[in-house]
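Heads up: the structure comes next, in structure tokens.
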Amino acid sequence: MTPVQTKALPAIWGFARSMIGRYRHEITTPALLLDLPVVRLNIERMAERMNGHARLRPHAKSHKCAQLARLQIAAGAIGLTAATVWEAAALAEAGVEDILIANEVVHDNKIFELTRTASRARVTVAVDDLNNARTLSDAATKANTRIGVLIDVDIGLRRCGVRSEGAACELALRVGRLLHLELRGVMGYEGHCALEPDRPLRERKTSEAMLKLAGAASAIRSAGLPVEVISAGGTGTYDLTGSYPGITEIQAGSYVFMDAARQDLVPEFALGLTVLSTVVSRQDDTLVVDAGKKTIGVDFALPRLVGVEAKTRYVSEEHTVFDVAPSCALVVGQPVEIVPGYCPTTINLHDVYHVIEDGKVVEIWPVFARGPGGGGPT
Ligand SMILES: Cc1ncc(COP(=O)(O)O)c(C=O)c1O
């Protein structure tokens, strides 16, 4: 497959590609490893699980990778979800034809990029503010393109989104009248439920959140407006949200890789992403590796060492420090793999994936729209 980038490939690209055909332990550490058979299985499993439920529109913020987006489309995804216009632009460049930006797009340069992307793919964006919608409408009119809109509803996370059914309905009525915008429905993100470890409580909280989203959708329908899309869902709630009556699309994305934050919550998906590192110090019960917060995302959970009994003591910039038993055989210089605490913020720290099959690097895949995206490194 050809690499897809919105900007010139970073210098690391040539070096990384020289690793193709090498064994995993030969890769310079720290490095991002993608276990291809596991990732393929996760993609297939999600497609199977969603069969007969809401359609899947996986979130690309978790992987930022053209090749993975294409695998998801091949497995039946109806399109991709993005968090930023830069991700959406990269997805359009990768050939994805239907993209939801499940986020507000505010800023002239970003709105310009949005109109450019909307002229090459079907693009839908979240809106929770009338002035923002008017700006989008003006920009779409000027660019002679059409932008789809979902009214973003706060369903308990208290992040973006209008706060009531009435406000959703009012905004929908006004958006419905704006030129070059197409009101397509509603979205909400139940992020306050997705990491709840107690499954019955997660079920209850998710169902309360979906009741709010469904309520906003029916209020808009009662006002005579179309609601073709009701979109929600994360990896921790995909099955609950995906089978809730009326939900049409699921935005889960991290199921592709999993991580320490979600591993125990959704055990039906396997770990497909690790950070390869090297032991740089071993003193008694203290084991130190050459990967820290600059290469491992630690949001929501501490990273874990793969296949070794160890307790994560702390993570600093360039190091992770583990407590190990005296019997632990690891010594300085040995490679180890680390399961990131949170996969989306891990991949954003890396230029490329080392794609692994049968213990060897079979491909190098770029990570697109990293950092601030438009002004970022790739
Ligand atoms: C708007 C939105 N949708 C969906 C998700 C779910 O993603 P994940 O698969 O990482 O749970 C997120 C996660 O942050 C999100 O912000």
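Naming works like this for the structure tokens: A, B, ... for the chains as they're shown, residue 1 at the start of each chain, ligands 1 onward in shown order.
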
I'd like the contact shell of A:Gly234 - 8 Å cut-off, only C-alpha atoms, skipping same-chain residues fewer than 6 positions apart - returned as a ChimeraX atom specification.
/A:189-191,194,250-254

Within 9 Å of ligand 1 (counting only C-alpha atoms and all ligand atoms), which residues show up? I'd like them as a ChimeraX atom specification.
/A:58-62,81-83,101-103,187-191,194-195,231-238,250-256,258,262,342-344

Tell me, as a tab-separated table (two decimals) with N, CA and C atoms, in the first residue's frame, which residues lie within 9 Å of stretch 129-133 of chain A, counting only C-alpha atoms; anything in the same chain fewer than 3 positions away does not count.
chain	number	residue	atom	x	y	z
A	104	GLU	N	-16.61	20.10	17.22
A	104	GLU	CA	-16.88	21.42	16.67
A	104	GLU	C	-15.66	21.89	15.88
A	105	VAL	N	-15.88	22.52	14.73
A	105	VAL	CA	-14.76	23.07	13.96
A	105	VAL	C	-14.88	24.59	14.02
A	106	VAL	N	-13.94	25.20	14.73
A	106	VAL	CA	-13.98	26.65	14.95
A	106	VAL	C	-12.59	27.21	14.66
A	136	LEU	N	-19.95	28.45	9.26
A	136	LEU	CA	-19.81	27.27	8.40
A	136	LEU	C	-20.63	27.45	7.12
A	137	SER	N	-21.84	27.98	7.29
A	137	SER	CA	-22.73	28.17	6.15
A	137	SER	C	-22.11	29.18	5.16
A	138	ASP	N	-21.59	30.29	5.69
A	138	ASP	CA	-20.96	31.30	4.82
A	138	ASP	C	-19.78	30.69	4.05
A	149	VAL	N	-24.51	18.51	8.97
A	149	VAL	CA	-24.41	18.94	10.37
A	149	VAL	C	-25.15	17.96	11.27
A	151	ILE	N	-26.40	18.00	15.26
A	151	ILE	CA	-26.50	18.82	16.47
A	151	ILE	C	-25.84	18.03	17.60
A	161	GLY	N	-21.62	20.35	23.36
A	161	GLY	CA	-23.00	19.89	23.17
A	161	GLY	C	-24.01	20.76	23.87
A	162	VAL	N	-25.16	20.98	23.22
A	162	VAL	CA	-26.23	21.76	23.84
A	162	VAL	C	-26.78	20.99	25.03
A	171	LEU	N	-31.71	24.95	17.95
A	171	LEU	CA	-30.54	25.05	17.07
A	171	LEU	C	-30.80	24.34	15.74
A	174	ARG	N	-32.86	26.41	13.36
A	174	ARG	CA	-32.10	27.52	12.74
A	174	ARG	C	-31.07	26.99	11.74
A	175	VAL	N	-30.38	25.90	12.10
A	175	VAL	CA	-29.39	25.31	11.18
A	175	VAL	C	-30.08	24.85	9.90
A	178	LEU	N	-30.09	27.37	7.17
A	178	LEU	CA	-28.84	27.97	6.68
A	178	LEU	C	-28.42	27.36	5.34
A	181	LEU	N	-25.76	24.15	4.30
A	181	LEU	CA	-25.63	23.18	5.39
A	181	LEU	C	-26.79	22.21	5.27

Of A:Arg146, A:Arg304, A:His53, A:Arg17, the one sitting nearest A:Leu240 when using only C-alpha atoms is A:His53

Distance atom CA of A:Ala47-atom CA of A:Asp264, one decimal place?
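According to the coordinates, atom CA of A:Ala47 and atom CA of A:Asp264 are separated by 20.5 Å.
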
Residues near A:Met50, anyone? I mean within 10 Å using only C-alpha atoms, not counting same-chain ones fewer than 3 positions away, as a list in words.
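Here the answer would be Arg45, Met46, Ala47, His53, Ala54, Arg55, Leu56, Gly76, Ala77, Tyr238, Asp239, Gly242, Ser243, Glu249 and Ile250 of chain A.
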
Please produce a file of the residues just selected, as a CSV table (one decimal), in the first residue's frame, where the atoms kept are C-alpha atoms.
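The file below, again06.csv, is the result:
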chain,number,residue,atom,x,y,z
A,45,ARG,CA,-14.7,-9.0,15.5
A,46,MET,CA,-16.1,-5.5,15.8
A,47,ALA,CA,-17.7,-5.9,12.3
A,53,HIS,CA,-27.0,-3.3,15.4
A,54,ALA,CA,-26.0,0.3,14.6
A,55,ARG,CA,-23.6,0.8,11.7
A,56,LEU,CA,-19.9,1.3,12.5
A,76,GLY,CA,-17.9,-3.0,6.4
A,77,ALA,CA,-17.5,0.4,8.1
A,238,TYR,CA,-20.0,0.1,21.9
A,239,ASP,CA,-22.2,-2.9,22.5
A,242,GLY,CA,-24.8,0.0,19.4
A,243,SER,CA,-27.9,-2.0,20.5
A,249,GLU,CA,-24.0,4.9,14.1
A,250,ILE,CA,-21.2,4.0,16.5

Report the residues of stretch 32-212 of chain A whose backbone DSSP state falls under alpha helix (DSSP H), written as a PyMOL selection string.
chain A and resi 36-50+66-74+85-93+108-118+130-142+165-175+199-212

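Using only C-alpha atoms, the shortest contact distance between A:Thr346 and any of A:Leu265, A:Val275, A:Ala167, A:Met210 is found at A:Val275.
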
For stretch 322-334 of chain A, find every residue with an atom within 9 Å (counting only C-alpha atoms), except residues of its own chain fewer than 2 positions away, and show them as a VMD selection string.
chain A and resid 25 277 to 282 284 to 289 304 to 305 308 to 315 320 336

Of the candidates A:Ile78, A:Ala168, A:Val229, A:Ile99, which shows the shortest atom-to-atom distance to A:Gly215, using only C-alpha atoms?
A:Ala168
